[in-house]
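Colleague: So that we are looking at the same thing, I have put the structure below in structure tokens.
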Amino acid sequence: MPKKPQGSRSVAAMTEITQGVGAGRYAPSPSGDLHIGNLRTAVLAWVFARAEGKRFVLRVEDLDRVKEGAAQRQLTDLAQIGLDWDPPVLLQSERQEVHRAAVVDLSERGLTYECYCTRREIQAEIAAAGGAPHGAPGAYPGTCRNLTAQQREQRRRDRPPAIRLRAQAETATVTDRLAGEVTEAVDDMVLLRNDGRPAYNLAVVLDDTFQGVDQVVRADDLLSSAPRQAHLAHLLGLVQVKYIHVPLVLNTSGQRLAKRDGAVTLGDLRAAGHTTAEVMEWMGRSLGLPSQVACAQDVLDQHTHLRLTDGPWTFTPPSTSSTQPTGP
Ligand code: GLU
């Protein structure tokens with residue numbers, strides 16, 4: 001691991017690192033109700049944290065799409081399936097000043113630059129170059145990395161800039177408890193969007209450290225983001241978390257389960273005649289647990305039997321109250 005970068009102290013000081021047992025977390029985006037896939041990930045995050053005697057915290061990641069009332073309903077559903085958490089629930093949007101201060105810190109160390117590219121321009125540049133850098137789909141090709149002051153002045157007249165990280169490595173590696181060593185390209189990721197809002201990769205690492213999180217359990221569609229987040233956390237002098245990326249829940253067409261797939265939220269499933277305990281029972285079976293499960297505590301009690309290496313769980317939503325979803 002390279003040496004801890006200079007100047008990272010000020011950012012670490014802005015965070016309240018909770019020493020000791022550490023914490024696990026669940027960090028949903030309040031863009032709608034949680035479906036059974038989200039609930040399964042939340043249960044696993046809670047189980048891994050509690051099994052190691054860690055605190056468990058929640059964070060509402062509300063920098064993007066927010067659906068009115070969704071955050072409250074998500075908390076209600078999490079409590080309904082038996083999760084408890086250590087207060088307070090953090091609202092990510094309330095931390096924007098800290099997110100921006102971290103970008104100032106990086107900028108003062110020469111680790112950022114302004115980017116004026118539109119999404120379309122980036123795609124065109126990647127196509128013209130015959131592919132993205134390091135063969136990583138969507139990776140930023142560095143168009144604005146070395147603009148002169150004069151060029152920047154000119155481009156600023158067209159549109160306000162986003163701020164990108166001047167990445168200090170081409171790749172980064174993390175160790176995931178299930179996937180093992182994972183190496184991915186690190187590109188010059190956006191830190192602040194051109195409307196001034198902090199980007200997900202920045203907010204996630206700062207807020208995990210702030211909440212004392214040292215264990216990140218989330219769905220494995222985010223596994224490829226982990227190395228770049230670890231690189232950014234390193235540059236900011238933040239805590240390096242332990243990762244456990246768990247299999248996704250898919251629909252019957254093999255895509256990531258979504259609200260449009262039918263009765264997939266706790267509310268929909270209850271309306272279709274299924275109790276919360278029944279939903280938890282399907283979840284328990286999908287995790288290979290030997291005894292019947294009716295709530296999150298039942299999963300914790302059997303956590304040494306968790307089977308997470310069989311790949312994704314395909315969930316077939318019930319069409320009527322008499323139909324049982326199928327699972328492994
Ligand atoms: N807010 C993200 C989501 O709901 C999760 C981010 C994370 O766990 O790092 O997909």
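Identifiers in this document derive from the order of the structure tokens: chains are assigned A, B, ..., residues are numbered from 1 separately in each chain, and ligands are numbered from 1 in order of occurrence.
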If we count only C-alpha atoms, what is near A:Glu278 at a cut-off of 10 Å, once residues fewer than 5 positions away on the same chain are taken out, given as a list of chain:residue names?

Modeller: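 In the requested format, the answer is A:Leu269, A:Arg270, A:Gly273, A:Met283, A:Gly284, A:Gln292, A:Val293, A:Ala294, A:Cys295, A:Gln324.
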
Colleague: Counting only C-alpha atoms and all ligand atoms, what are the residues, protein, DNA or RNA alike, that approach ligand 1 to within 9 Å? I want them as a list in words.

Modeller: Arg25, Tyr26, Ala27, Pro28, Ser29, Pro30, Ser31, Asn38, Arg59, Val60, Glu61, Asp62, Tyr200, Asn201, Val204, Val205, Asp208, Val216, Val217, Arg218, Ala219, Asp221, Leu222, Ser225 and Ala226 of chain A

Colleague: Mind checking DSSP for stretch 99-267 of chain A and telling me the strand (DSSP E or B) residues as a ChimeraX atom specification?

Modeller: /A:112-115,162-165,171-176,180-185,190-192,198,213-219,242-246,249-250,256,265

Colleague: A:Thr76: which residues within 12 Å, counting only C-alpha atoms, same-chain residues fewer than 5 positions away excluded, as a list in words?

Modeller: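 In the requested form, the answer reads Asp33, Leu34, Leu39, Gly69, Ala70, Ala71, Ile81, Gly82, Leu83, Asp84, Leu266 and Gly267 of chain A.
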
Colleague: Which residue is closest to A:Asp214? Choose from A:Arg50, A:Arg109, A:His99, A:Lys242 and count only C-alpha atoms.

Modeller: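 Result for the nearest residue to A:Asp214: A:Lys242.
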
Colleague: Kindly indicate which residue among A:Ala172, A:Ala179, A:Leu192, A:Ala296 lies nearest to A:Pro160, using only C-alpha atoms for the distances.

Modeller: A:Leu192

Colleague: Produce a table with one row for each residue of stretch 164-236 of chain A that has an atom at most 12 Å from any atom of stretch 115-125 of chain A, each row naming the nearest atom pair and its distance in Å at one decimal; use only C-alpha atoms; arrange rows by chain and rising residue number; format as JSON lines.

Modeller:
{"residue": "A:Arg164", "atom": "CA", "partner": "A:Cys115", "partner_atom": "CA", "distance": 6.6}
{"residue": "A:Leu165", "atom": "CA", "partner": "A:Cys115", "partner_atom": "CA", "distance": 9.9}
{"residue": "A:Arg166", "atom": "CA", "partner": "A:Cys115", "partner_atom": "CA", "distance": 10.9}
{"residue": "A:Asp188", "atom": "CA", "partner": "A:Cys115", "partner_atom": "CA", "distance": 10.0}
{"residue": "A:Met189", "atom": "CA", "partner": "A:Cys115", "partner_atom": "CA", "distance": 10.4}
{"residue": "A:Val190", "atom": "CA", "partner": "A:Cys115", "partner_atom": "CA", "distance": 8.6}
{"residue": "A:Leu191", "atom": "CA", "partner": "A:Cys115", "partner_atom": "CA", "distance": 10.6}
{"residue": "A:Leu192", "atom": "CA", "partner": "A:Cys115", "partner_atom": "CA", "distance": 10.0}
{"residue": "A:Arg193", "atom": "CA", "partner": "A:Cys115", "partner_atom": "CA", "distance": 9.4}
{"residue": "A:Asn194", "atom": "CA", "partner": "A:Tyr116", "partner_atom": "CA", "distance": 8.3}
{"residue": "A:Asp195", "atom": "CA", "partner": "A:Tyr116", "partner_atom": "CA", "distance": 11.8}

Colleague: Of the candidates A:Phe48, A:Thr316, A:His35, A:Asp86, which one gets nearest to A:Thr304 if we count only C-alpha atoms?

Modeller: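 Smallest distance to A:Thr304 is found for A:Phe48.
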
Colleague: Taking only stretch 185-302 of chain A into account, list the residues labelled helix (DSSP H, G or I) by DSSP (computed from the backbone), as a PyMOL selection string.

Modeller: chain A and resi 200-210+220-235+259-261+266-271+276-286+296-301

Colleague: For A:Ala271, work out the shell of residues within 12 Å, counting only C-alpha atoms and skipping chain neighbours fewer than 5 positions away, then give it as a list of chain:residue names.

Modeller: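 Residues near the query, excluding close chain neighbours: A:Gly262, A:Ala263, A:Val264, A:Thr265, A:Leu266, A:Thr276, A:Pro318, A:Ser319, A:Thr320, A:Ser321.
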
Colleague: Any chance you can output those residues with N, CA, C and O atoms as a short mmCIF file (atom, residue, chain, number, x, y, z; two decimals), in the first residue's frame?

Modeller:
data_model
loop_
_atom_site.label_atom_id
_atom_site.label_comp_id
_atom_site.auth_asym_id
_atom_site.auth_seq_id
_atom_site.Cartn_x
_atom_site.Cartn_y
_atom_site.Cartn_z
N GLY A 262 -43.64 -6.87 -10.32
CA GLY A 262 -44.86 -7.37 -9.67
C GLY A 262 -44.80 -7.18 -8.17
O GLY A 262 -44.24 -6.21 -7.68
N ALA A 263 -45.38 -8.15 -7.44
CA ALA A 263 -45.43 -8.05 -5.97
C ALA A 263 -44.06 -8.38 -5.41
O ALA A 263 -43.73 -9.54 -5.19
N VAL A 264 -43.24 -7.36 -5.19
CA VAL A 264 -41.87 -7.58 -4.72
C VAL A 264 -41.54 -6.81 -3.44
O VAL A 264 -40.52 -7.07 -2.80
N THR A 265 -42.39 -5.84 -3.08
CA THR A 265 -42.14 -5.11 -1.82
C THR A 265 -42.95 -5.78 -0.71
O THR A 265 -43.91 -6.52 -0.99
N LEU A 266 -42.58 -5.47 0.51
CA LEU A 266 -43.30 -6.05 1.65
C LEU A 266 -44.78 -5.66 1.58
O LEU A 266 -45.67 -6.50 1.80
N THR A 276 -45.37 -11.11 6.76
CA THR A 276 -43.94 -10.78 6.80
C THR A 276 -43.12 -12.04 7.13
O THR A 276 -42.06 -12.28 6.56
N PRO A 318 -45.35 -13.83 -6.43
CA PRO A 318 -46.61 -14.57 -6.45
C PRO A 318 -47.65 -13.79 -7.22
O PRO A 318 -47.72 -12.57 -7.10
N SER A 319 -48.46 -14.48 -8.04
CA SER A 319 -49.50 -13.75 -8.77
C SER A 319 -50.78 -13.71 -7.94
O SER A 319 -51.56 -12.79 -8.02
N THR A 320 -51.01 -14.76 -7.13
CA THR A 320 -52.17 -14.75 -6.24
C THR A 320 -51.71 -15.20 -4.86
O THR A 320 -50.58 -15.67 -4.72
N SER A 321 -52.59 -15.08 -3.88
CA SER A 321 -52.19 -15.45 -2.53
C SER A 321 -51.93 -16.94 -2.40
O SER A 321 -51.31 -17.39 -1.45
#

Colleague: Pick from A:Ala203, A:Ala139, A:Val98, A:Val47: nearest to A:Ala127, with only C-alpha atoms counted?

Modeller: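 Closest to A:Ala127 of all the choices is A:Ala139.
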
Colleague: I'd like the neighbourhood of A:Phe56 as a list in words, where a residue qualifies if any of its atoms comes within 7 Å (using only C-alpha atoms), though same-chain residues fewer than 6 positions away should be ignored.

Modeller: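 The residues satisfying every condition are Ala23, Gly24, Arg25, Trp46, Ala49, Trp85 and Asp86 of chain A.
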
Colleague: Can I get the residues of stretch 24-72 of chain A within 9 Å of stretch 247-256 of chain A, each with the closest pair of atoms and their distance in Å to one decimal, using only C-alpha atoms, sorted chain first then ascending number, as CSV?

Modeller:
residue,atom,partner,partner_atom,distance
A:Ile36,CA,A:Val249,CA,7.9
A:Gly37,CA,A:Val249,CA,5.0
A:Asn38,CA,A:Val249,CA,8.2
A:Arg40,CA,A:Val249,CA,8.3
A:Thr41,CA,A:Leu248,CA,8.1
